[in-house]
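Note sheet for the following structure.
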Amino acid sequence: TAGRSNPMPLLESRSYRRFSVQAPCLIHPSRTRRERKSSPIEVETRNISRGGLCFETSADWVVGTEFVCVIQFPNVAGFQEPIKLRCRGEIVRVAQAEKGRVEVGATIEQFSFLHPGEKCGES
């Protein structure tokens, strides 16, 4: 609408609008029966849409890896607690970034809001 400023800049046009959002994100990669439980990985999102997210990390990722993550939005107007979004998705793109890091693109297949104090889990 005219006269309103958008607090989050839009990025390129895709199936869903992407918003430039830097938010803490804790990712739990999936595992097969042969693999041992892996530790969650802390990243910060670069952008988010209804259909996916992008983040930079120094950890190795493989396209096709499924994951569960929790994205925390710390300063949302009208809420005393941070808003936490639990997502299930899959890694679809891994590209070299600066300083030995990689940029990871992932789909979001499902998402739900966590209640205060609720844990992410891996199921």
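Lettering and numbering for the structure tokens are positional, with chains as A, B, ... in the shown order, residues counted from 1 in each chain, and ligands counted from 1 in the shown order.
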DSSP strand (DSSP E) residues within region 34-109 of chain A, as a PDB file with N, CA, C and O atoms, in the first residue's frame:
ATOM      1  N   ILE A  41      23.554 -27.839  14.186  1.00  0.00           N
ATOM      2  CA  ILE A  41      24.471 -26.847  13.653  1.00  0.00           C
ATOM      3  C   ILE A  41      23.819 -25.476  13.779  1.00  0.00           C
ATOM      4  O   ILE A  41      22.680 -25.283  13.350  1.00  0.00           O
ATOM      5  N   GLU A  42      24.549 -24.525  14.365  1.00  0.00           N
ATOM      6  CA  GLU A  42      24.041 -23.158  14.512  1.00  0.00           C
ATOM      7  C   GLU A  42      24.438 -22.345  13.291  1.00  0.00           C
ATOM      8  O   GLU A  42      25.607 -22.313  12.917  1.00  0.00           O
ATOM      9  N   VAL A  43      23.445 -21.711  12.656  1.00  0.00           N
ATOM     10  CA  VAL A  43      23.688 -20.838  11.509  1.00  0.00           C
ATOM     11  C   VAL A  43      22.840 -19.584  11.678  1.00  0.00           C
ATOM     12  O   VAL A  43      22.059 -19.478  12.618  1.00  0.00           O
ATOM     13  N   GLU A  44      23.005 -18.659  10.767  1.00  0.00           N
ATOM     14  CA  GLU A  44      22.142 -17.483  10.722  1.00  0.00           C
ATOM     15  C   GLU A  44      21.565 -17.417   9.313  1.00  0.00           C
ATOM     16  O   GLU A  44      22.305 -17.531   8.334  1.00  0.00           O
ATOM     17  N   THR A  45      20.251 -17.253   9.221  1.00  0.00           N
ATOM     18  CA  THR A  45      19.625 -17.187   7.906  1.00  0.00           C
ATOM     19  C   THR A  45      20.071 -15.927   7.180  1.00  0.00           C
ATOM     20  O   THR A  45      20.405 -14.925   7.799  1.00  0.00           O
ATOM     21  N   ARG A  46      20.066 -15.996   5.844  1.00  0.00           N
ATOM     22  CA  ARG A  46      20.325 -14.812   5.008  1.00  0.00           C
ATOM     23  C   ARG A  46      19.008 -14.324   4.430  1.00  0.00           C
ATOM     24  O   ARG A  46      18.789 -13.135   4.310  1.00  0.00           O
ATOM     25  N   ASN A  47      18.162 -15.276   4.011  1.00  0.00           N
ATOM     26  CA  ASN A  47      16.833 -14.922   3.537  1.00  0.00           C
ATOM     27  C   ASN A  47      15.897 -16.102   3.751  1.00  0.00           C
ATOM     28  O   ASN A  47      16.328 -17.243   3.870  1.00  0.00           O
ATOM     29  N   ILE A  48      14.595 -15.778   3.802  1.00  0.00           N
ATOM     30  CA  ILE A  48      13.574 -16.771   4.106  1.00  0.00           C
ATOM     31  C   ILE A  48      12.350 -16.491   3.240  1.00  0.00           C
ATOM     32  O   ILE A  48      12.016 -15.341   2.986  1.00  0.00           O
ATOM     33  N   GLY A  52      11.318 -21.727   1.313  1.00  0.00           N
ATOM     34  CA  GLY A  52      12.711 -22.072   1.528  1.00  0.00           C
ATOM     35  C   GLY A  52      13.470 -21.055   2.344  1.00  0.00           C
ATOM     36  O   GLY A  52      12.929 -20.052   2.796  1.00  0.00           O
ATOM     37  N   LEU A  53      14.759 -21.362   2.533  1.00  0.00           N
ATOM     38  CA  LEU A  53      15.644 -20.469   3.264  1.00  0.00           C
ATOM     39  C   LEU A  53      17.049 -20.614   2.721  1.00  0.00           C
ATOM     40  O   LEU A  53      17.365 -21.571   2.020  1.00  0.00           O
ATOM     41  N   CYS A  54      17.860 -19.628   3.033  1.00  0.00           N
ATOM     42  CA  CYS A  54      19.256 -19.622   2.615  1.00  0.00           C
ATOM     43  C   CYS A  54      20.101 -19.247   3.828  1.00  0.00           C
ATOM     44  O   CYS A  54      19.706 -18.386   4.616  1.00  0.00           O
ATOM     45  N   PHE A  55      21.241 -19.925   3.994  1.00  0.00           N
ATOM     46  CA  PHE A  55      22.158 -19.594   5.077  1.00  0.00           C
ATOM     47  C   PHE A  55      23.580 -19.861   4.635  1.00  0.00           C
ATOM     48  O   PHE A  55      23.819 -20.588   3.677  1.00  0.00           O
ATOM     49  N   GLU A  56      24.527 -19.257   5.319  1.00  0.00           N
ATOM     50  CA  GLU A  56      25.952 -19.456   5.077  1.00  0.00           C
ATOM     51  C   GLU A  56      26.538 -20.201   6.257  1.00  0.00           C
ATOM     52  O   GLU A  56      26.152 -19.950   7.404  1.00  0.00           O
ATOM     53  N   THR A  57      27.463 -21.115   5.981  1.00  0.00           N
ATOM     54  CA  THR A  57      28.054 -21.917   7.039  1.00  0.00           C
ATOM     55  C   THR A  57      29.434 -22.404   6.625  1.00  0.00           C
ATOM     56  O   THR A  57      29.784 -22.357   5.451  1.00  0.00           O
ATOM     57  N   GLU A  66      18.025 -34.140   4.269  1.00  0.00           N
ATOM     58  CA  GLU A  66      16.820 -33.638   4.927  1.00  0.00           C
ATOM     59  C   GLU A  66      17.202 -33.112   6.303  1.00  0.00           C
ATOM     60  O   GLU A  66      18.204 -33.544   6.884  1.00  0.00           O
ATOM     61  N   PHE A  67      16.418 -32.182   6.827  1.00  0.00           N
ATOM     62  CA  PHE A  67      16.736 -31.587   8.120  1.00  0.00           C
ATOM     63  C   PHE A  67      15.476 -31.105   8.815  1.00  0.00           C
ATOM     64  O   PHE A  67      14.419 -30.968   8.199  1.00  0.00           O
ATOM     65  N   VAL A  68      15.625 -30.852  10.106  1.00  0.00           N
ATOM     66  CA  VAL A  68      14.628 -30.142  10.907  1.00  0.00           C
ATOM     67  C   VAL A  68      15.384 -28.964  11.506  1.00  0.00           C
ATOM     68  O   VAL A  68      16.529 -29.113  11.935  1.00  0.00           O
ATOM     69  N   CYS A  69      14.775 -27.789  11.516  1.00  0.00           N
ATOM     70  CA  CYS A  69      15.446 -26.630  12.094  1.00  0.00           C
ATOM     71  C   CYS A  69      14.454 -25.787  12.873  1.00  0.00           C
ATOM     72  O   CYS A  69      13.245 -25.908  12.704  1.00  0.00           O
ATOM     73  N   VAL A  70      15.012 -24.942  13.739  1.00  0.00           N
ATOM     74  CA  VAL A  70      14.218 -23.952  14.454  1.00  0.00           C
ATOM     75  C   VAL A  70      14.839 -22.594  14.164  1.00  0.00           C
ATOM     76  O   VAL A  70      16.024 -22.374  14.410  1.00  0.00           O
ATOM     77  N   ILE A  71      14.014 -21.708  13.606  1.00  0.00           N
ATOM     78  CA  ILE A  71      14.428 -20.338  13.324  1.00  0.00           C
ATOM     79  C   ILE A  71      13.819 -19.468  14.412  1.00  0.00           C
ATOM     80  O   ILE A  71      12.627 -19.570  14.695  1.00  0.00           O
ATOM     81  N   GLN A  72      14.647 -18.637  15.034  1.00  0.00           N
ATOM     82  CA  GLN A  72      14.169 -17.779  16.127  1.00  0.00           C
ATOM     83  C   GLN A  72      14.137 -16.326  15.673  1.00  0.00           C
ATOM     84  O   GLN A  72      15.142 -15.777  15.262  1.00  0.00           O
ATOM     85  N   PHE A  73      12.949 -15.731  15.762  1.00  0.00           N
ATOM     86  CA  PHE A  73      12.763 -14.323  15.437  1.00  0.00           C
ATOM     87  C   PHE A  73      12.678 -13.575  16.761  1.00  0.00           C
ATOM     88  O   PHE A  73      11.632 -13.572  17.404  1.00  0.00           O
ATOM     89  N   ILE A  83       9.696 -15.437  18.762  1.00  0.00           N
ATOM     90  CA  ILE A  83       8.877 -16.342  17.963  1.00  0.00           C
ATOM     91  C   ILE A  83       9.803 -17.415  17.396  1.00  0.00           C
ATOM     92  O   ILE A  83      10.840 -17.093  16.806  1.00  0.00           O
ATOM     93  N   LYS A  84       9.440 -18.690  17.566  1.00  0.00           N
ATOM     94  CA  LYS A  84      10.246 -19.788  17.038  1.00  0.00           C
ATOM     95  C   LYS A  84       9.433 -20.568  16.025  1.00  0.00           C
ATOM     96  O   LYS A  84       8.304 -20.961  16.289  1.00  0.00           O
ATOM     97  N   LEU A  85      10.047 -20.785  14.865  1.00  0.00           N
ATOM     98  CA  LEU A  85       9.409 -21.499  13.772  1.00  0.00           C
ATOM     99  C   LEU A  85      10.167 -22.803  13.541  1.00  0.00           C
ATOM    100  O   LEU A  85      11.372 -22.779  13.296  1.00  0.00           O
ATOM    101  N   ARG A  86       9.465 -23.934  13.658  1.00  0.00           N
ATOM    102  CA  ARG A  86      10.070 -25.258  13.416  1.00  0.00           C
ATOM    103  C   ARG A  86       9.789 -25.625  11.972  1.00  0.00           C
ATOM    104  O   ARG A  86       8.639 -25.596  11.530  1.00  0.00           O
ATOM    105  N   CYS A  87      10.849 -25.961  11.220  1.00  0.00           N
ATOM    106  CA  CYS A  87      10.719 -26.286   9.799  1.00  0.00           C
ATOM    107  C   CYS A  87      11.324 -27.648   9.499  1.00  0.00           C
ATOM    108  O   CYS A  87      12.299 -28.055  10.121  1.00  0.00           O
ATOM    109  N   ARG A  88      10.741 -28.323   8.525  1.00  0.00           N
ATOM    110  CA  ARG A  88      11.303 -29.567   7.974  1.00  0.00           C
ATOM    111  C   ARG A  88      11.566 -29.281   6.500  1.00  0.00           C
ATOM    112  O   ARG A  88      10.710 -28.708   5.827  1.00  0.00           O
ATOM    113  N   GLY A  89      12.758 -29.641   6.029  1.00  0.00           N
ATOM    114  CA  GLY A  89      13.084 -29.348   4.645  1.00  0.00           C
ATOM    115  C   GLY A  89      14.188 -30.209   4.092  1.00  0.00           C
ATOM    116  O   GLY A  89      14.566 -31.228   4.686  1.00  0.00           O
ATOM    117  N   GLU A  90      14.718 -29.764   2.943  1.00  0.00           N
ATOM    118  CA  GLU A  90      15.765 -30.510   2.251  1.00  0.00           C
ATOM    119  C   GLU A  90      16.739 -29.533   1.598  1.00  0.00           C
ATOM    120  O   GLU A  90      16.326 -28.513   1.039  1.00  0.00           O
ATOM    121  N   ILE A  91      18.026 -29.867   1.648  1.00  0.00           N
ATOM    122  CA  ILE A  91      19.063 -29.056   1.017  1.00  0.00           C
ATOM    123  C   ILE A  91      18.958 -29.242  -0.501  1.00  0.00           C
ATOM    124  O   ILE A  91      18.945 -30.376  -0.983  1.00  0.00           O
ATOM    125  N   VAL A  92      18.872 -28.123  -1.239  1.00  0.00           N
ATOM    126  CA  VAL A  92      18.734 -28.200  -2.698  1.00  0.00           C
ATOM    127  C   VAL A  92      19.884 -27.529  -3.444  1.00  0.00           C
ATOM    128  O   VAL A  92      20.029 -27.727  -4.650  1.00  0.00           O
ATOM    129  N   ARG A  93      20.685 -26.735  -2.737  1.00  0.00           N
ATOM    130  CA  ARG A  93      21.790 -26.037  -3.398  1.00  0.00           C
ATOM    131  C   ARG A  93      22.909 -25.791  -2.411  1.00  0.00           C
ATOM    132  O   ARG A  93      22.675 -25.383  -1.281  1.00  0.00           O
ATOM    133  N   VAL A  94      24.147 -26.042  -2.852  1.00  0.00           N
ATOM    134  CA  VAL A  94      25.336 -25.744  -2.058  1.00  0.00           C
ATOM    135  C   VAL A  94      26.324 -25.051  -3.000  1.00  0.00           C
ATOM    136  O   VAL A  94      26.664 -25.594  -4.042  1.00  0.00           O
ATOM    137  N   ALA A  95      26.743 -23.833  -2.645  1.00  0.00           N
ATOM    138  CA  ALA A  95      27.655 -23.071  -3.499  1.00  0.00           C
ATOM    139  C   ALA A  95      28.753 -22.454  -2.647  1.00  0.00           C
ATOM    140  O   ALA A  95      28.530 -22.082  -1.497  1.00  0.00           O
ATOM    141  N   GLN A  96      29.944 -22.328  -3.234  1.00  0.00           N
ATOM    142  CA  GLN A  96      31.062 -21.689  -2.530  1.00  0.00           C
ATOM    143  C   GLN A  96      30.730 -20.237  -2.244  1.00  0.00           C
ATOM    144  O   GLN A  96      30.146 -19.545  -3.074  1.00  0.00           O
ATOM    145  N   VAL A 102      30.297 -21.913   2.751  1.00  0.00           N
ATOM    146  CA  VAL A 102      29.385 -22.302   1.682  1.00  0.00           C
ATOM    147  C   VAL A 102      28.030 -21.644   1.915  1.00  0.00           C
ATOM    148  O   VAL A 102      27.639 -21.397   3.054  1.00  0.00           O
ATOM    149  N   GLU A 103      27.345 -21.324   0.811  1.00  0.00           N
ATOM    150  CA  GLU A 103      25.987 -20.815   0.871  1.00  0.00           C
ATOM    151  C   GLU A 103      25.065 -21.990   0.578  1.00  0.00           C
ATOM    152  O   GLU A 103      25.259 -22.699  -0.404  1.00  0.00           O
ATOM    153  N   VAL A 104      24.101 -22.199   1.452  1.00  0.00           N
ATOM    154  CA  VAL A 104      23.211 -23.353   1.353  1.00  0.00           C
ATOM    155  C   VAL A 104      21.788 -22.874   1.114  1.00  0.00           C
ATOM    156  O   VAL A 104      21.288 -22.006   1.836  1.00  0.00           O
ATOM    157  N   GLY A 105      21.152 -23.436   0.090  1.00  0.00           N
ATOM    158  CA  GLY A 105      19.748 -23.167  -0.186  1.00  0.00           C
ATOM    159  C   GLY A 105      18.942 -24.400   0.162  1.00  0.00           C
ATOM    160  O   GLY A 105      19.364 -25.527  -0.134  1.00  0.00           O
ATOM    161  N   ALA A 106      17.806 -24.210   0.805  1.00  0.00           N
ATOM    162  CA  ALA A 106      16.998 -25.350   1.246  1.00  0.00           C
ATOM    163  C   ALA A 106      15.513 -25.071   1.065  1.00  0.00           C
ATOM    164  O   ALA A 106      15.077 -23.922   1.136  1.00  0.00           O
ATOM    165  N   THR A 107      14.765 -26.137   0.829  1.00  0.00           N
ATOM    166  CA  THR A 107      13.312 -26.009   0.770  1.00  0.00           C
ATOM    167  C   THR A 107      12.752 -26.071   2.181  1.00  0.00           C
ATOM    168  O   THR A 107      13.395 -26.585   3.093  1.00  0.00           O
ATOM    169  N   ILE A 108      11.565 -25.537   2.352  1.00  0.00           N
ATOM    170  CA  ILE A 108      10.801 -25.730   3.582  1.00  0.00           C
ATOM    171  C   ILE A 108       9.560 -26.502   3.169  1.00  0.00           C
ATOM    172  O   ILE A 108       8.713 -25.989   2.436  1.00  0.00           O
ATOM    173  N   GLU A 109       9.481 -27.773   3.595  1.00  0.00           N
ATOM    174  CA  GLU A 109       8.361 -28.636   3.230  1.00  0.00           C
ATOM    175  C   GLU A 109       7.192 -28.480   4.203  1.00  0.00           C
ATOM    176  O   GLU A 109       6.045 -28.564   3.807  1.00  0.00           O
TER     177      GLU A 109
END
Quiz item: In Å to one decimal, how far is CA of Tyr16 (chain A) from CA of Arg50 (chain A)?
Solution: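 Rounded to one decimal, the two atoms are 6.0 Å apart.
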